[in-house]
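Just coords.csv here, CSV, C-alpha atoms:
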```csv
chain,number,residue,atom,x,y,z
Q,23,MET,CA,-24.7,9.0,8.9
Q,24,VAL,CA,-21.1,7.6,8.9
Q,25,ARG,CA,-20.3,4.2,10.4
Q,26,VAL,CA,-17.3,5.0,12.7
Q,27,GLY,CA,-15.5,3.0,15.3
Q,28,VAL,CA,-12.1,2.3,16.9
Q,29,HIS,CA,-9.7,-0.4,17.7
Q,30,VAL,CA,-10.7,-2.0,21.0
Q,31,SER,CA,-8.9,-4.3,23.4
Q,32,ILE,CA,-9.7,-8.0,23.8
Q,33,ALA,CA,-8.1,-8.1,27.3
Q,34,GLY,CA,-9.7,-10.7,29.6
Q,35,SER,CA,-11.6,-12.5,26.7
Q,36,ILE,CA,-12.2,-11.6,23.1
Q,37,ASP,CA,-16.0,-11.2,23.6
Q,38,LYS,CA,-15.3,-8.4,26.0
Q,39,ALA,CA,-14.3,-6.3,23.0
Q,40,VAL,CA,-17.9,-5.9,22.0
Q,41,GLY,CA,-18.9,-4.3,25.3
Q,42,ARG,CA,-16.0,-1.9,25.0
Q,43,ALA,CA,-17.0,-1.0,21.5
Q,44,ILE,CA,-20.6,-0.3,22.7
Q,45,GLU,CA,-19.2,1.9,25.6
Q,46,LYS,CA,-17.2,4.0,23.1
Q,47,GLY,CA,-20.3,4.5,20.9
Q,48,CYS,CA,-18.9,2.5,18.0
Q,49,ASP,CA,-20.9,1.6,14.8
Q,50,THR,CA,-18.0,-0.7,13.8
Q,51,PHE,CA,-14.9,-1.9,15.6
Q,52,GLN,CA,-11.5,-3.5,15.0
Q,53,ILE,CA,-9.6,-6.0,17.2
Q,54,PHE,CA,-6.5,-8.2,17.3
Q,55,SER,CA,-7.8,-11.7,17.8
Q,56,ARG,CA,-4.7,-12.6,19.7
Q,57,ASN,CA,-1.6,-11.0,21.4
Q,58,PRO,CA,-0.3,-8.8,18.6
Q,59,ARG,CA,3.3,-8.8,20.0
Q,60,GLY,CA,3.9,-12.5,20.2
Q,61,TRP,CA,3.9,-15.6,18.0
Q,62,LYS,CA,2.1,-17.8,20.5
Q,63,LEU,CA,-1.7,-17.7,20.6
Q,64,LYS,CA,-4.5,-18.8,22.8
Q,65,GLU,CA,-6.9,-21.1,21.1
Q,66,LEU,CA,-10.5,-19.9,20.7
Q,67,THR,CA,-12.9,-22.1,22.6
Q,68,GLU,CA,-16.5,-22.8,21.4
Q,69,ILE,CA,-17.8,-20.9,24.4
Q,70,VAL,CA,-15.8,-17.8,23.6
Q,71,ILE,CA,-16.7,-18.0,19.9
Q,72,THR,CA,-20.4,-18.2,20.8
Q,73,ARG,CA,-20.2,-15.3,23.2
Q,74,PHE,CA,-18.5,-13.1,20.7
Q,75,THR,CA,-20.8,-13.8,17.8
Q,76,GLU,CA,-23.9,-13.5,19.9
Q,77,LYS,CA,-22.8,-10.2,21.4
Q,78,VAL,CA,-21.9,-8.8,18.0
Q,79,GLU,CA,-25.3,-9.8,16.6
Q,80,HIS,CA,-27.2,-8.3,19.6
Q,81,SER,CA,-25.1,-5.1,19.5
Q,82,GLY,CA,-26.1,-4.2,16.0
Q,83,ILE,CA,-22.4,-3.1,15.4
Q,84,PHE,CA,-21.1,-4.1,12.0
Q,85,PRO,CA,-18.7,-5.0,10.7
Q,86,PRO,CA,-16.3,-6.3,13.3
Q,87,VAL,CA,-12.7,-6.2,11.7
Q,88,ASP,CA,-9.7,-8.3,12.6
Q,89,HIS,CA,-6.2,-6.9,12.2
Q,90,MET,CA,-3.1,-9.1,11.7
Q,91,PRO,CA,-0.6,-9.0,14.6
Q,92,TYR,CA,2.5,-6.8,14.5
Q,93,LEU,CA,5.2,-9.5,14.2
Q,94,PRO,CA,4.2,-11.2,10.9
Q,95,ASN,CA,6.1,-9.9,7.8
Q,96,LEU,CA,4.7,-11.3,4.5
Q,97,ALA,CA,7.7,-9.9,2.6
Q,98,ALA,CA,10.3,-11.2,5.0
Q,99,PRO,CA,13.5,-12.4,3.3
Q,100,ALA,CA,14.4,-14.6,6.4
Q,101,ASP,CA,12.7,-18.0,5.9
Q,102,LYS,CA,12.0,-18.6,9.6
Q,103,VAL,CA,10.1,-15.3,9.9
Q,104,TYR,CA,8.4,-15.7,6.6
Q,105,HIS,CA,7.1,-19.2,7.3
Q,106,GLN,CA,5.9,-18.0,10.8
Q,107,SER,CA,4.2,-15.1,9.0
Q,108,VAL,CA,2.4,-17.3,6.5
Q,109,ALA,CA,1.3,-19.6,9.4
Q,110,ALA,CA,0.0,-16.5,11.3
Q,111,LEU,CA,-2.1,-15.5,8.2
Q,112,VAL,CA,-3.5,-19.0,8.0
Q,113,GLU,CA,-4.5,-18.9,11.6
Q,114,GLU,CA,-6.1,-15.4,11.4
Q,115,LEU,CA,-8.2,-16.6,8.4
Q,116,LYS,CA,-9.4,-19.5,10.5
Q,117,ARG,CA,-10.1,-17.5,13.6
Q,118,SER,CA,-12.0,-14.8,11.7
Q,119,GLY,CA,-14.0,-17.4,10.0
Q,120,SER,CA,-14.9,-19.0,13.4
Q,121,LEU,CA,-15.8,-15.5,14.8
Q,122,ARG,CA,-17.8,-14.5,11.7
Q,123,ILE,CA,-15.6,-11.5,11.1
Q,124,PRO,CA,-15.8,-10.6,7.4
Q,125,TYR,CA,-12.5,-8.7,7.1
Q,126,ILE,CA,-8.9,-9.1,8.1
Q,127,VAL,CA,-6.6,-6.1,7.6
Q,128,THR,CA,-2.9,-6.9,6.9
Q,129,HIS,CA,0.1,-4.7,6.4
Q,130,LEU,CA,2.3,-5.9,3.5
Q,131,GLY,CA,5.6,-5.9,5.4
Q,132,SER,CA,9.1,-5.0,4.6
Q,133,HIS,CA,11.6,-6.6,2.2
Q,134,ARG,CA,14.4,-5.6,4.7
Q,135,GLY,CA,16.7,-4.4,1.9
Q,136,TYR,CA,16.4,-7.6,-0.1
Q,137,GLY,CA,14.6,-5.8,-2.9
Q,138,LYS,CA,11.0,-4.9,-3.8
Q,139,ALA,CA,10.6,-7.5,-6.5
Q,140,GLU,CA,11.4,-10.3,-4.2
Q,141,GLY,CA,9.2,-8.8,-1.5
Q,142,LEU,CA,6.3,-8.6,-3.8
Q,143,ARG,CA,6.8,-12.2,-4.9
Q,144,ARG,CA,6.9,-13.4,-1.3
Q,145,ILE,CA,3.7,-11.5,-0.4
Q,146,VAL,CA,1.8,-13.0,-3.3
Q,147,ASN,CA,3.1,-16.5,-2.5
Q,148,ALA,CA,2.0,-16.0,1.2
Q,149,ILE,CA,-1.5,-15.0,0.3
Q,150,ASN,CA,-2.0,-17.7,-2.3
Q,151,THR,CA,-0.6,-20.3,0.2
Q,152,ALA,CA,-3.0,-19.1,3.0
Q,153,PHE,CA,-6.0,-19.0,0.7
Q,154,ASN,CA,-5.3,-22.6,-0.6
Q,155,GLU,CA,-5.1,-23.8,3.0
Q,156,VAL,CA,-8.2,-22.0,4.4
Q,157,ASP,CA,-11.4,-22.0,2.4
Q,158,ASN,CA,-13.8,-19.6,3.9
Q,159,ARG,CA,-15.6,-16.3,3.1
Q,160,VAL,CA,-13.2,-14.0,5.1
Q,161,MET,CA,-11.9,-11.2,2.9
Q,162,LEU,CA,-8.2,-10.1,3.3
Q,163,LEU,CA,-7.8,-6.4,3.1
Q,164,LEU,CA,-4.4,-5.1,1.9
Q,165,GLU,CA,-3.5,-1.9,3.7
Q,166,ASN,CA,-1.6,0.8,1.9
Q,167,THR,CA,1.6,1.8,3.8
Q,168,ALA,CA,3.4,5.0,4.6
Q,169,GLY,CA,6.2,4.4,2.1
Q,170,THR,CA,8.9,4.1,4.8
Q,171,LYS,CA,12.2,2.6,3.8
Q,172,ASN,CA,11.9,-1.0,2.5
Q,173,SER,CA,8.1,-1.1,3.2
Q,174,MET,CA,5.8,-2.7,0.7
Q,175,GLY,CA,2.5,-1.3,-0.6
Q,176,GLY,CA,3.2,2.4,-0.4
Q,177,THR,CA,1.8,3.0,-3.9
Q,178,PHE,CA,-1.4,2.0,-5.6
Q,179,GLU,CA,0.7,0.4,-8.4
Q,180,ASP,CA,2.5,-2.0,-5.9
Q,181,ILE,CA,-0.8,-3.0,-4.4
Q,182,ARG,CA,-2.2,-3.7,-7.9
Q,183,HIS,CA,0.9,-5.8,-8.7
Q,184,ILE,CA,0.1,-8.0,-5.7
Q,185,MET,CA,-3.6,-8.2,-6.5
Q,186,ASP,CA,-3.1,-9.3,-10.1
Q,187,ARG,CA,-1.1,-12.3,-8.9
Q,188,VAL,CA,-3.5,-13.5,-6.2
Q,189,GLU,CA,-5.3,-16.6,-7.5
Q,190,GLN,CA,-8.6,-16.1,-5.6
Q,191,GLN,CA,-9.5,-12.5,-6.6
Q,192,GLU,CA,-12.8,-12.5,-4.8
Q,193,ARG,CA,-11.1,-12.8,-1.4
Q,194,ILE,CA,-9.0,-9.6,-1.7
Q,195,GLY,CA,-10.0,-6.0,-0.9
Q,196,ILE,CA,-8.4,-2.8,0.2
Q,197,CYS,CA,-8.2,-1.0,3.5
Q,198,PHE,CA,-7.3,2.7,2.8
Q,199,ASP,CA,-5.3,4.4,5.6
Q,200,THR,CA,-5.5,8.2,5.3
Q,201,CYS,CA,-2.3,8.9,7.3
Q,202,HIS,CA,-0.3,6.4,5.3
Q,203,ALA,CA,-1.6,7.7,2.0
Q,204,PHE,CA,-0.9,11.3,2.9
Q,205,VAL,CA,2.7,10.7,4.2
Q,206,ALA,CA,3.4,8.5,1.2
Q,207,GLY,CA,2.7,11.5,-1.0
Q,208,TYR,CA,-1.1,11.3,-1.9
Q,209,GLU,CA,-2.9,14.7,-1.4
Q,210,LEU,CA,-6.3,14.4,0.3
Q,211,ARG,CA,-7.0,17.8,1.8
Q,212,THR,CA,-9.0,19.6,-0.9
Q,213,GLU,CA,-12.0,18.5,-3.1
Q,214,LYS,CA,-9.9,18.8,-6.2
Q,215,SER,CA,-6.9,16.8,-4.8
Q,216,LEU,CA,-9.1,14.2,-3.2
Q,217,LYS,CA,-11.0,13.7,-6.5
Q,218,ALA,CA,-7.7,13.3,-8.3
Q,219,THR,CA,-6.4,10.7,-5.7
Q,220,MET,CA,-9.6,8.7,-5.8
Q,221,GLN,CA,-9.6,8.8,-9.6
Q,222,HIS,CA,-6.0,7.5,-9.6
Q,223,PHE,CA,-7.1,4.8,-7.1
Q,224,ASP,CA,-10.0,3.8,-9.3
Q,225,ALA,CA,-7.8,3.6,-12.4
Q,226,VAL,CA,-5.1,1.5,-10.8
Q,227,ILE,CA,-7.0,-0.6,-8.3
Q,228,GLY,CA,-10.7,0.0,-8.7
Q,229,LEU,CA,-13.0,1.6,-6.2
Q,230,GLU,CA,-15.1,-1.5,-6.0
Q,231,ARG,CA,-12.1,-3.1,-4.1
Q,232,LEU,CA,-12.2,-0.4,-1.4
Q,233,LYS,CA,-13.9,-2.0,1.7
Q,234,LEU,CA,-12.7,-0.2,4.8
Q,235,ILE,CA,-11.2,3.2,5.8
Q,236,HIS,CA,-8.6,3.7,8.5
Q,237,LEU,CA,-9.2,7.4,9.2
Q,238,ASN,CA,-6.1,8.9,10.9
Q,239,ASP,CA,-4.5,12.3,10.9
Q,240,ALA,CA,-0.7,12.6,10.5
Q,241,LYS,CA,1.9,14.0,12.8
Q,242,ALA,CA,4.2,14.5,9.8
Q,243,GLY,CA,3.8,16.4,6.4
Q,244,ARG,CA,2.8,15.0,3.0
Q,245,ASN,CA,5.4,12.8,1.4
Q,246,SER,CA,7.4,12.7,4.7
Q,247,ARG,CA,7.2,8.8,4.8
Q,248,LEU,CA,6.8,9.0,8.6
Q,249,ASP,CA,4.1,6.7,9.9
Q,250,ARG,CA,2.9,8.6,13.0
Q,251,HIS,CA,-0.9,8.9,13.6
Q,252,GLU,CA,-2.5,12.0,15.2
Q,253,HIS,CA,-5.9,12.9,16.6
Q,254,ILE,CA,-8.5,13.7,13.9
Q,255,GLY,CA,-8.0,17.4,12.8
Q,256,LEU,CA,-4.9,18.0,15.0
Q,257,GLY,CA,-2.3,16.9,12.5
Q,258,TYR,CA,-1.1,17.9,9.0
Q,259,ILE,CA,-4.3,16.7,7.3
Q,260,GLY,CA,-6.4,19.0,9.6
Q,261,GLU,CA,-10.1,19.4,10.2
Q,262,GLU,CA,-10.8,20.9,6.7
Q,263,GLY,CA,-9.1,17.9,5.1
Q,264,PHE,CA,-11.3,15.5,7.0
Q,265,ARG,CA,-14.4,17.5,6.3
Q,266,VAL,CA,-13.6,17.1,2.6
Q,267,MET,CA,-13.0,13.4,2.9
Q,268,LEU,CA,-16.1,12.8,5.0
Q,269,LYS,CA,-18.3,14.6,2.4
Q,270,ASP,CA,-17.1,12.2,-0.3
Q,271,GLU,CA,-19.8,9.5,-0.8
Q,272,ARG,CA,-17.2,6.9,-1.7
Q,273,ILE,CA,-15.7,7.3,1.8
Q,274,ARG,CA,-18.9,8.0,3.7
Q,275,GLU,CA,-20.6,4.7,2.7
Q,276,LEU,CA,-17.7,2.6,4.0
Q,277,PRO,CA,-17.0,1.5,7.6
Q,278,ILE,CA,-14.5,3.8,9.2
Q,279,ILE,CA,-12.0,2.7,11.9
Q,280,LEU,CA,-9.9,5.2,13.8
Q,281,GLU,CA,-6.4,4.3,15.0
Q,282,THR,CA,-5.8,7.6,16.8
Q,283,PRO,CA,-3.8,8.1,20.0
Q,284,VAL,CA,-5.3,8.1,23.5
Q,285,ASP,CA,-3.7,10.8,25.6
Q,286,ASP,CA,-4.5,13.8,27.8
Q,287,ARG,CA,-5.7,15.7,24.8
Q,288,ARG,CA,-8.3,13.2,23.6
Q,289,GLY,CA,-9.5,9.6,23.8
Q,290,ASP,CA,-11.4,7.3,21.4
Q,291,ILE,CA,-14.8,8.7,22.4
Q,292,GLU,CA,-13.7,12.3,21.6
Q,293,ASN,CA,-12.2,11.3,18.2
Q,294,ILE,CA,-15.4,9.5,17.3
Q,295,ARG,CA,-17.4,12.6,18.2
Q,296,LYS,CA,-15.1,14.8,16.1
Q,297,VAL,CA,-15.5,12.5,13.0
Q,298,ARG,CA,-19.3,12.7,13.4
Q,299,GLU,CA,-19.1,16.5,13.8
Q,300,LEU,CA,-17.0,16.9,10.7
Q,301,ALA,CA,-19.3,14.5,8.7
Q,302,GLU,CA,-22.4,16.5,9.4
```
Could you write out this structure as structure tokens?
Amino acid sequence: MVRVGVHVSIAGSIDKAVGRAIEKGCDTFQIFSRNPRGWKLKELTEIVITRFTEKVEHSGIFPPVDHMPYLPNLAAPADKVYHQSVAALVEELKRSGSLRIPYIVTHLGSHRGYGKAEGLRRIVNAINTAFNEVDNRVMLLLENTAGTKNSMGGTFEDIRHIMDRVEQQERIGICFDTCHAFVAGYELRTEKSLKATMQHFDAVIGLERLKLIHLNDAKAGRNSRLDRHEHIGLGYIGEEGFRVMLKDERIRELPIILETPVDDRRGDIENIRKVRELAE
């Protein structure tokens, strides 16, 4: 049986996310620990931390996953944004540690035209700085990106370049986003192509580094570089593509988070149901 869940809201109080995950039938879930569209944050009180950790423990849902907010850009060429981004990563490591969340997912940002080499250097420096400031057991998961203009981490090789330069290797893992990989050019829709992609991933990064799947269909075609998520099976990857992926033991054994739309066609519960149906 696959462990599948969705991103849930923390509106009202962060501990309320657990109840929302239960209502949707999640086996795992993902949150923002703060407002994802602002730099200011609300401090976590001991009461809220206790409520969250106890609710997670009693729910049997695991793992909870934290996602970095939208504004931070670890590759930012502008010093103000860069330093704010490093501070945000430091804060998320602390918050996840307090909440006993084992994983933080981070996008790798954009070099904004300043050049990939400098972007990679700044990402590595940001991660090393944050790890040196926060000593806990939270693992930072680098998420592959869609290969959009100036974005970082669209290839396995770029992710490996970053990983090789992180000082505390044991604190780094990978979140594999299926939509991002597909629109960046990786083929996933047949057993043969998925096997080739996974072998490539293993050769460059190592499958032991893979800790989490973001399972999303794509509104655009392979190698389109357009980061637009679609309901499971209704996009260019399609039902058969997900059937192939969900049959692969290397994917089935990992926690799976859906970041699919909520509209008049489907909601989170329906997409979770579709994944379980295709995994059977």
Could you give me, as a compact mmCIF listing (two decimals) with C-alpha atoms, in the coordinates of the input, the residues within 7 Å of region 195-206 of chain Q, counting only C-alpha atoms and dropping anything in the same chain fewer than 6 positions from it?
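Below is the file that was written, part_12.txt:
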```txt
# COMPACT_ATOMS: atom_id res chain seq x y z
CA VAL Q 127 -6.60 -6.10 7.60
CA MET Q 161 -11.90 -11.20 2.90
CA LEU Q 162 -8.20 -10.10 3.30
CA LEU Q 163 -7.80 -6.40 3.10
CA LEU Q 164 -4.40 -5.10 1.90
CA GLU Q 165 -3.50 -1.90 3.70
CA ASN Q 166 -1.60 0.80 1.90
CA THR Q 167 1.60 1.80 3.80
CA ALA Q 168 3.40 5.00 4.60
CA GLY Q 169 6.20 4.40 2.10
CA GLY Q 176 3.20 2.40 -0.40
CA ARG Q 231 -12.10 -3.10 -4.10
CA LEU Q 232 -12.20 -0.40 -1.40
CA LYS Q 233 -13.90 -2.00 1.70
CA LEU Q 234 -12.70 -0.20 4.80
CA ILE Q 235 -11.20 3.20 5.80
CA HIS Q 236 -8.60 3.70 8.50
CA LEU Q 237 -9.20 7.40 9.20
CA ASN Q 238 -6.10 8.90 10.90
CA ASP Q 239 -4.50 12.30 10.90
CA ALA Q 240 -0.70 12.60 10.50
CA ALA Q 242 4.20 14.50 9.80
CA GLY Q 243 3.80 16.40 6.40
CA ARG Q 244 2.80 15.00 3.00
CA ASN Q 245 5.40 12.80 1.40
CA SER Q 246 7.40 12.70 4.70
CA ARG Q 247 7.20 8.80 4.80
CA LEU Q 248 6.80 9.00 8.60
CA ASP Q 249 4.10 6.70 9.90
CA HIS Q 251 -0.90 8.90 13.60
```
* Asked: Just how far from CA of Ile194 (chain Q) is CA of Glu140 (chain Q), in Å to one decimal?
  ->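 A separation of 20.6 Å between them.
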Extract, using only C-alpha atoms, all DNA, RNA and protein residues at most 9 Å from region 272-285 of chain Q, discarding same-chain residues fewer than 6 positions from it, and format them as a CSV table (one decimal) with C-alpha atoms, in the frame of the given file.
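For reference, out.csv as written:
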```csv
chain,number,residue,atom,x,y,z
Q,23,MET,CA,-24.7,9.0,8.9
Q,24,VAL,CA,-21.1,7.6,8.9
Q,25,ARG,CA,-20.3,4.2,10.4
Q,26,VAL,CA,-17.3,5.0,12.7
Q,27,GLY,CA,-15.5,3.0,15.3
Q,28,VAL,CA,-12.1,2.3,16.9
Q,29,HIS,CA,-9.7,-0.4,17.7
Q,49,ASP,CA,-20.9,1.6,14.8
Q,50,THR,CA,-18.0,-0.7,13.8
Q,51,PHE,CA,-14.9,-1.9,15.6
Q,52,GLN,CA,-11.5,-3.5,15.0
Q,84,PHE,CA,-21.1,-4.1,12.0
Q,85,PRO,CA,-18.7,-5.0,10.7
Q,87,VAL,CA,-12.7,-6.2,11.7
Q,220,MET,CA,-9.6,8.7,-5.8
Q,229,LEU,CA,-13.0,1.6,-6.2
Q,232,LEU,CA,-12.2,-0.4,-1.4
Q,233,LYS,CA,-13.9,-2.0,1.7
Q,234,LEU,CA,-12.7,-0.2,4.8
Q,235,ILE,CA,-11.2,3.2,5.8
Q,236,HIS,CA,-8.6,3.7,8.5
Q,237,LEU,CA,-9.2,7.4,9.2
Q,238,ASN,CA,-6.1,8.9,10.9
Q,239,ASP,CA,-4.5,12.3,10.9
Q,251,HIS,CA,-0.9,8.9,13.6
Q,252,GLU,CA,-2.5,12.0,15.2
Q,253,HIS,CA,-5.9,12.9,16.6
Q,254,ILE,CA,-8.5,13.7,13.9
Q,293,ASN,CA,-12.2,11.3,18.2
Q,294,ILE,CA,-15.4,9.5,17.3
Q,301,ALA,CA,-19.3,14.5,8.7
```
* Counting all atoms listed in the file, what is within 10 Å of Val226 (chain Q), bar same-chain residues fewer than 5 positions away, as a list in words? -> Thr177, Phe178, Glu179, Asp180, Ile181, Arg182, His183, Met220 and Gln221 of chain Q
For the residues in the current selection, export C-alpha atoms as a compact mmCIF listing (two decimals), in the frame of the given file.
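Output (out-v7.txt):
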```txt
# COMPACT_ATOMS: atom_id res chain seq x y z
CA THR Q 177 1.80 3.00 -3.90
CA PHE Q 178 -1.40 2.00 -5.60
CA GLU Q 179 0.70 0.40 -8.40
CA ASP Q 180 2.50 -2.00 -5.90
CA ILE Q 181 -0.80 -3.00 -4.40
CA ARG Q 182 -2.20 -3.70 -7.90
CA HIS Q 183 0.90 -5.80 -8.70
CA MET Q 220 -9.60 8.70 -5.80
CA GLN Q 221 -9.60 8.80 -9.60
```
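When all atoms listed in the file are used to compute distances to Asn172 (chain Q), the closest of the residues Q:Ala100, Q:Ile123, Q:Leu142, Q:Val297 turns out to be Q:Leu142.
Between CA of Leu216 (chain Q) and CA of Thr170 (chain Q) the interatomic distance comes to 22.1 Å.
Coordinates place CA of Gly228 (chain Q) at a distance of 24.0 Å from CA of Leu115 (chain Q).
Proximity ranking of Q:Glu45, Q:Glu189, Q:Asp88, Q:Glu79 relative to Tyr125 (chain Q) places Q:Asp88 first, based on all atoms listed in the file.
Taking all atoms listed in the file into account, Val70 (chain Q) lies nearest to Q:Ile32 out of the set Q:Leu96, Q:Ile32, Q:Val108, Q:Ala148.
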* **Pick from Q:His105, Q:Arg134, Q:Lys64, Q:Arg144 nearest to Arg117 (chain Q), counting only C-alpha atoms** => Q:Lys64
* Return the single residue from Q:Asp37, Q:Glu299, Q:Asp290, Q:Glu113 that is closest to Pro86 (chain Q), with distances computed using all atoms listed in the file. => Q:Asp37
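Residue nearest Lys138 (chain Q) within the list Q:Ile44, Q:Ile126, Q:Val156, Q:Met174: Q:Met174 [criterion: smallest interatomic distance, only C-alpha atoms].
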